[in-house]
file model22.cif (mmCIF, C-alpha atoms; chains and numbers go by the auth columns)
data_data
loop_
_atom_site.group_PDB
_atom_site.id
_atom_site.type_symbol
_atom_site.label_atom_id
_atom_site.label_comp_id
_atom_site.label_asym_id
_atom_site.label_seq_id
_atom_site.Cartn_x
_atom_site.Cartn_y
_atom_site.Cartn_z
_atom_site.B_iso_or_equiv
_atom_site.auth_seq_id
_atom_site.auth_asym_id
ATOM 1 C CA MET A 1 24.624 24.748 93.343 0.00 1 T
ATOM 2 C CA GLU A 2 27.794 23.408 91.710 0.00 2 T
ATOM 3 C CA GLN A 3 29.448 25.556 89.038 0.00 3 T
ATOM 4 C CA THR A 4 30.596 24.034 85.788 0.00 4 T
ATOM 5 C CA HIS A 5 34.349 24.333 85.345 0.00 5 T
ATOM 6 C CA SER A 6 36.080 24.025 82.000 0.00 6 T
ATOM 7 C CA LEU A 7 39.579 24.615 80.749 0.00 7 T
ATOM 8 C CA SER A 8 38.150 26.549 77.780 0.00 8 T
ATOM 9 C CA GLY A 9 36.380 28.889 80.195 0.00 9 T
ATOM 10 C CA ASP A 10 39.592 29.358 82.173 0.00 10 T
ATOM 11 C CA VAL A 11 41.518 30.191 78.997 0.00 11 T
ATOM 12 C CA ILE A 12 38.899 32.772 77.975 0.00 12 T
ATOM 13 C CA LYS A 13 39.080 34.288 81.469 0.00 13 T
ATOM 14 C CA GLN A 14 42.877 34.539 81.197 0.00 14 T
ATOM 15 C CA LEU A 15 42.629 36.109 77.726 0.00 15 T
ATOM 16 C CA ARG A 16 40.101 38.626 79.037 0.00 16 T
ATOM 17 C CA THR A 17 42.422 39.497 81.935 0.00 17 T
ATOM 18 C CA CYS A 18 45.373 39.880 79.532 0.00 18 T
ATOM 19 C CA GLY A 19 43.271 42.061 77.230 0.00 19 T
ATOM 20 C CA HIS A 20 42.154 44.252 80.118 0.00 20 T
ATOM 21 C CA PHE A 21 45.721 44.606 81.365 0.00 21 T
ATOM 22 C CA LEU A 22 47.052 45.534 77.918 0.00 22 T
ATOM 23 C CA TYR A 23 44.188 47.892 77.140 0.00 23 T
ATOM 24 C CA PHE A 24 44.574 49.945 80.293 0.00 24 T
ATOM 25 C CA ARG A 25 48.353 49.663 80.754 0.00 25 T
ATOM 26 C CA MET A 26 49.233 50.270 77.103 0.00 26 T
ATOM 27 C CA GLY A 27 46.969 53.253 76.456 0.00 27 T
ATOM 28 C CA GLY A 28 43.748 51.755 75.140 0.00 28 T
ATOM 29 C CA LYS A 29 42.610 52.235 71.571 0.00 29 T
ATOM 30 C CA ILE A 30 43.243 55.929 71.567 0.00 30 T
ATOM 31 C CA GLY A 31 45.703 58.199 73.208 0.00 31 T
ATOM 32 C CA ARG A 32 48.275 60.783 72.317 0.00 32 T
ATOM 33 C CA ARG A 33 51.117 58.284 72.333 0.00 33 T
ATOM 34 C CA ARG A 34 49.341 55.897 69.960 0.00 34 T
ATOM 35 C CA ILE A 35 48.441 58.729 67.583 0.00 35 T
ATOM 36 C CA LEU A 36 52.043 59.943 67.593 0.00 36 T
ATOM 37 C CA VAL A 37 53.399 56.477 66.813 0.00 37 T
ATOM 38 C CA VAL A 38 50.856 55.842 64.021 0.00 38 T
ATOM 39 C CA LEU A 39 51.574 59.211 62.401 0.00 39 T
ATOM 40 C CA GLU A 40 55.314 58.619 62.679 0.00 40 T
ATOM 41 C CA LYS A 41 54.897 55.314 60.866 0.00 41 T
ATOM 42 C CA HIS A 42 52.641 56.654 58.086 0.00 42 T
ATOM 43 C CA HIS A 43 54.154 60.183 57.842 0.00 43 T
ATOM 44 C CA GLU A 44 50.750 61.679 57.036 0.00 44 T
ATOM 45 C CA LEU A 45 47.154 60.496 57.115 0.00 45 T
ATOM 46 C CA LEU A 46 43.704 61.831 56.524 0.00 46 T
ATOM 47 C CA GLN A 47 41.865 62.070 59.822 0.00 47 T
ATOM 48 C CA LYS A 48 39.425 59.426 58.531 0.00 48 T
ATOM 49 C CA GLU A 49 42.345 57.056 57.804 0.00 49 T
ATOM 50 C CA LEU A 50 43.740 57.596 61.299 0.00 50 T
ATOM 51 C CA GLN A 51 40.295 56.950 62.742 0.00 51 T
ATOM 52 C CA GLU A 52 40.062 53.638 60.856 0.00 52 T
ATOM 53 C CA ILE A 53 43.522 52.517 61.990 0.00 53 T
ATOM 54 C CA LEU A 54 42.742 53.350 65.621 0.00 54 T
ATOM 55 C CA GLU A 55 39.187 51.971 65.393 0.00 55 T
ATOM 56 C CA VAL A 56 37.680 54.894 67.318 0.00 56 T
ATOM 57 C CA GLN A 57 34.739 57.267 67.006 0.00 57 T
ATOM 58 C CA SER A 58 35.390 60.456 65.039 0.00 58 T
ATOM 59 C CA GLY A 59 34.339 62.713 67.932 0.00 59 T
ATOM 60 C CA SER A 60 36.817 61.112 70.322 0.00 60 T
ATOM 61 C CA LEU A 61 39.633 61.448 67.820 0.00 61 T
ATOM 62 C CA SER A 62 38.729 65.043 66.905 0.00 62 T
ATOM 63 C CA GLU A 63 38.953 66.111 70.534 0.00 63 T
ATOM 64 C CA ILE A 64 42.443 64.676 70.975 0.00 64 T
ATOM 65 C CA ILE A 65 43.624 65.988 67.583 0.00 65 T
ATOM 66 C CA ILE A 66 42.578 69.536 68.544 0.00 66 T
ATOM 67 C CA LYS A 67 44.510 69.294 71.822 0.00 67 T
ATOM 68 C CA MET A 68 47.572 67.865 70.079 0.00 68 T
ATOM 69 C CA GLU A 69 47.415 70.591 67.443 0.00 69 T
ATOM 70 C CA ASN A 70 47.194 73.243 70.182 0.00 70 T
ATOM 71 C CA ASP A 71 50.216 71.639 71.883 0.00 71 T
ATOM 72 C CA GLY A 72 52.218 71.907 68.655 0.00 72 T
ATOM 73 C CA LEU A 73 52.506 68.136 68.078 0.00 73 T
ATOM 74 C CA ILE A 74 50.364 67.859 64.941 0.00 74 T
ATOM 75 C CA GLU A 75 49.687 70.109 61.994 0.00 75 T
ATOM 76 C CA LYS A 76 47.063 69.972 59.294 0.00 76 T
ATOM 77 C CA ALA A 77 48.172 70.468 55.691 0.00 77 T
ATOM 78 C CA LYS A 78 46.639 70.143 52.242 0.00 78 T
ATOM 79 C CA SER A 79 46.920 66.650 50.876 0.00 79 T
ATOM 80 C CA GLU A 80 49.345 66.199 47.994 0.00 80 T
ATOM 81 C CA ARG A 81 47.121 63.339 46.760 0.00 81 T
ATOM 82 C CA ASP A 82 43.982 65.468 46.748 0.00 82 T
ATOM 83 C CA GLY A 83 44.220 69.167 47.552 0.00 83 T
ATOM 84 C CA ARG A 84 40.603 69.189 48.754 0.00 84 T
ATOM 85 C CA HIS A 85 41.513 67.156 51.828 0.00 85 T
ATOM 86 C CA LEU A 86 43.601 67.967 54.863 0.00 86 T
ATOM 87 C CA VAL A 87 46.150 65.514 56.176 0.00 87 T
ATOM 88 C CA LEU A 88 47.579 65.212 59.651 0.00 88 T
ATOM 89 C CA ARG A 89 51.352 65.363 60.050 0.00 89 T
ATOM 90 C CA LEU A 90 53.688 65.470 62.978 0.00 90 T
ATOM 91 C CA THR A 91 55.533 68.690 63.680 0.00 91 T
ATOM 92 C CA GLU A 92 59.205 68.531 64.654 0.00 92 T
ATOM 93 C CA LYS A 93 58.109 68.559 68.283 0.00 93 T
ATOM 94 C CA GLY A 94 55.596 65.783 67.553 0.00 94 T
ATOM 95 C CA LEU A 95 58.226 63.717 65.760 0.00 95 T
ATOM 96 C CA LYS A 96 60.568 63.958 68.767 0.00 96 T
ATOM 97 C CA GLU A 97 57.773 62.891 71.123 0.00 97 T
ATOM 98 C CA ALA A 98 56.767 60.068 68.764 0.00 98 T
ATOM 99 C CA LYS A 99 60.307 58.662 68.774 0.00 99 T
ATOM 100 C CA ILE A 100 60.385 58.764 72.562 0.00 100 T
ATOM 101 C CA ALA A 101 56.907 57.180 72.780 0.00 101 T
ATOM 102 C CA ARG A 102 57.863 54.392 70.338 0.00 102 T
ATOM 103 C CA SER A 103 61.087 53.694 72.206 0.00 103 T
ATOM 104 C CA GLU A 104 59.276 53.534 75.563 0.00 104 T
ATOM 105 C CA HIS A 105 56.561 51.339 74.042 0.00 105 T
ATOM 106 C CA ASP A 106 59.088 48.933 72.523 0.00 106 T
ATOM 107 C CA LYS A 107 60.965 48.724 75.829 0.00 107 T
ATOM 108 C CA HIS A 108 57.713 48.078 77.711 0.00 108 T
ATOM 109 C CA VAL A 109 56.660 45.352 75.254 0.00 109 T
ATOM 110 C CA GLU A 110 59.986 43.571 75.657 0.00 110 T
ATOM 111 C CA GLU A 111 59.700 43.847 79.435 0.00 111 T
ATOM 112 C CA LEU A 112 56.177 42.391 79.392 0.00 112 T
ATOM 113 C CA MET A 113 57.275 39.432 77.263 0.00 113 T
ATOM 114 C CA SER A 114 60.637 38.854 78.980 0.00 114 T
ATOM 115 C CA CYS A 115 59.298 35.835 80.891 0.00 115 T
ATOM 116 C CA LEU A 116 59.094 33.851 77.620 0.00 116 T
ATOM 117 C CA ALA A 117 61.886 32.394 75.508 0.00 117 T
ATOM 118 C CA GLU A 118 61.855 33.255 71.792 0.00 118 T
ATOM 119 C CA ASN A 119 60.415 29.863 70.834 0.00 119 T
ATOM 120 C CA GLU A 120 57.656 30.296 73.446 0.00 120 T
ATOM 121 C CA LYS A 121 56.806 33.730 72.050 0.00 121 T
ATOM 122 C CA GLN A 122 56.561 32.217 68.569 0.00 122 T
ATOM 123 C CA GLU A 123 54.385 29.377 69.844 0.00 123 T
ATOM 124 C CA LEU A 124 52.090 31.806 71.665 0.00 124 T
ATOM 125 C CA TYR A 125 51.889 33.993 68.570 0.00 125 T
ATOM 126 C CA ASN A 126 50.952 31.000 66.413 0.00 126 T
ATOM 127 C CA LEU A 127 48.274 29.833 68.871 0.00 127 T
ATOM 128 C CA LEU A 128 46.754 33.302 69.193 0.00 128 T
ATOM 129 C CA SER A 129 46.741 33.659 65.393 0.00 129 T
ATOM 130 C CA LYS A 130 44.913 30.338 65.111 0.00 130 T
ATOM 131 C CA ILE A 131 42.332 31.416 67.696 0.00 131 T
ATOM 132 C CA LEU A 132 41.764 34.781 65.987 0.00 132 T
ATOM 133 C CA LEU A 133 41.270 33.165 62.584 0.00 133 T
ATOM 134 C CA HIS A 134 38.725 30.805 64.124 0.00 134 T
ATOM 135 C CA TRP A 135 36.909 33.651 65.872 0.00 135 T
ATOM 136 C CA LYS A 136 36.763 35.657 62.629 0.00 136 T
ATOM 137 C CA ASP A 137 35.220 32.658 60.880 0.00 137 T
ATOM 138 C CA ILE A 138 32.646 32.328 63.654 0.00 138 T
ATOM 139 C CA GLU A 139 31.937 36.068 63.506 0.00 139 T
ATOM 140 C CA LYS A 140 31.128 35.782 59.786 0.00 140 T
ATOM 141 C CA GLN A 141 28.549 33.114 60.581 0.00 141 T
ATOM 142 C CA ILE A 142 26.981 34.745 63.656 0.00 142 T
ATOM 143 C CA ASP A 143 25.967 38.332 64.242 0.00 143 T
ATOM 144 C CA PHE A 144 27.362 39.125 67.718 0.00 144 T
ATOM 145 C CA ARG A 145 25.529 42.454 67.978 0.00 145 T
#
call {"tool": "encode", "arguments": {"input": "model22.cif", "output": "C-alpha cells"}}
result
Amino acid sequence: MEQTHSLSGDVIKQLRTCGHFLYFRMGGKIGRRRILVVLEKHHELLQKELQEILEVQSGSLSEIIIKMENDGLIEKAKSERDGRHLVLRLTEKGLKEAKIARSEHDKHVEELMSCLAENEKQELYNLLSKILLHWKDIEKQIDFR
C-alpha cells in the first residue's frame, strides 16, 4: 500500500523532532537549572506562581523544591505582599548556581542556532510565531483532549 506524502506532514515531523531534541537536551519543563533561572529572573515567587510558569504538576515541583532547599539553593520566606504566604527565593549559593546555569544555557542556545544568520533566525522566529498563533486559534475552536 502506498503512503501519502505531504510537505506539511514532513514539516510537522521536523518540528516534532526539534521539540523532542530541545525538551530532552535543554532540561524538559522542569529541572533544577530551569527553576534556578526562573527564580533568578523573578527574585521571589510563590510556589504556585513558579508552578504556573513551569507548567508542571505541583507534586513534581514540590519534590524538586524540597531537594533544592536541602541542598541550600532555595529558601522559603514570608511574602512581603501577603504574610500568610511563603515565597521561594534563591540563597547566595543558589544565586551563584543560577548565574552559571543561565550563562551555560545562553551559550548552548547560541551554539544551537549558530548555523543560521541573524536574518534567518528572525525569519524562523516570525514563521514559528505565525504557526503558533494559528494553532492557538484552532485550539480555541477544537477541544484536543
call {"tool": "residues_around", "arguments": {"input": "model22.cif", "residues": "region 82-95 of chain T", "least_positions_apart": "5", "cutoff": "6 Å", "atoms": "only C-alpha atoms", "output": "PyMOL selection string"}}
result
chain T and resi 44-46+73-77
call {"tool": "closest_residue", "arguments": {"input": "model22.cif", "among": "T:Lys96, T:Leu132, T:Glu55, T:Leu36", "to": "Glu69 (chain T)", "atoms": "only C-alpha atoms"}}
result
T:Leu36
call {"tool": "atom_distance", "arguments": {"input": "model22.cif", "atom1": "CA of Met26 (chain T)", "atom2": "CA of Glu104 (chain T)"}}
result
10.7 Å
call {"tool": "resolve_selection", "arguments": {"input": "model22.cif", "expression": "the PyMOL selection byres ((chain T and resi 61) around 10)", "output": "MDAnalysis selection string"}}
result
chainID T and resid 30:32 35 47:48 50:51 54:60 62:66
call {"tool": "write_last_selection", "arguments": {"input": "model22.cif", "atoms": "C-alpha atoms", "output": "PDB file, in the frame of the given file"}}
result
ATOM      1  CA  ILE T  30      43.243  55.929  71.567  1.00  0.00           C
ATOM      2  CA  GLY T  31      45.703  58.199  73.208  1.00  0.00           C
ATOM      3  CA  ARG T  32      48.275  60.783  72.317  1.00  0.00           C
ATOM      4  CA  ILE T  35      48.441  58.729  67.583  1.00  0.00           C
ATOM      5  CA  GLN T  47      41.865  62.070  59.822  1.00  0.00           C
ATOM      6  CA  LYS T  48      39.425  59.426  58.531  1.00  0.00           C
ATOM      7  CA  LEU T  50      43.740  57.596  61.299  1.00  0.00           C
ATOM      8  CA  GLN T  51      40.295  56.950  62.742  1.00  0.00           C
ATOM      9  CA  LEU T  54      42.742  53.350  65.621  1.00  0.00           C
ATOM     10  CA  GLU T  55      39.187  51.971  65.393  1.00  0.00           C
ATOM     11  CA  VAL T  56      37.680  54.894  67.318  1.00  0.00           C
ATOM     12  CA  GLN T  57      34.739  57.267  67.006  1.00  0.00           C
ATOM     13  CA  SER T  58      35.390  60.456  65.039  1.00  0.00           C
ATOM     14  CA  GLY T  59      34.339  62.713  67.932  1.00  0.00           C
ATOM     15  CA  SER T  60      36.817  61.112  70.322  1.00  0.00           C
ATOM     16  CA  SER T  62      38.729  65.043  66.905  1.00  0.00           C
ATOM     17  CA  GLU T  63      38.953  66.111  70.534  1.00  0.00           C
ATOM     18  CA  ILE T  64      42.443  64.676  70.975  1.00  0.00           C
ATOM     19  CA  ILE T  65      43.624  65.988  67.583  1.00  0.00           C
ATOM     20  CA  ILE T  66      42.578  69.536  68.544  1.00  0.00           C
TER      21      ILE T  66
END
call {"tool": "atom_distance", "arguments": {"input": "model22.cif", "atom1": "CA of Asn70 (chain T)", "atom2": "CA of Glu49 (chain T)"}}
result
20.9 Å
call {"tool": "closest_residue", "arguments": {"input": "model22.cif", "among": "T:Gly72, T:Ser103, T:Ala98, T:Leu7", "to": "Arg34 (chain T)", "atoms": "only C-alpha atoms"}}
result
T:Ala98
call {"tool": "closest_residue", "arguments": {"input": "model22.cif", "among": "T:Leu112, T:Leu128, T:Ile138, T:Glu120", "to": "Phe21 (chain T)", "atoms": "all atoms listed in the file"}}
result
T:Leu112
call {"tool": "atom_distance", "arguments": {"input": "model22.cif", "atom1": "CA of Val109 (chain T)", "atom2": "CA of Gly19 (chain T)"}}
result
13.9 Å
call {"tool": "closest_residue", "arguments": {"input": "model22.cif", "among": "T:Arg25, T:Arg33, T:Tyr125, T:Met68", "to": "His108 (chain T)", "atoms": "all atoms listed in the file"}}
result
T:Arg25
call {"tool": "closest_residue", "arguments": {"input": "model22.cif", "among": "T:Ile53, T:Ala101, T:Val37, T:Met113", "to": "Leu22 (chain T)", "atoms": "only C-alpha atoms"}}
result
T:Met113
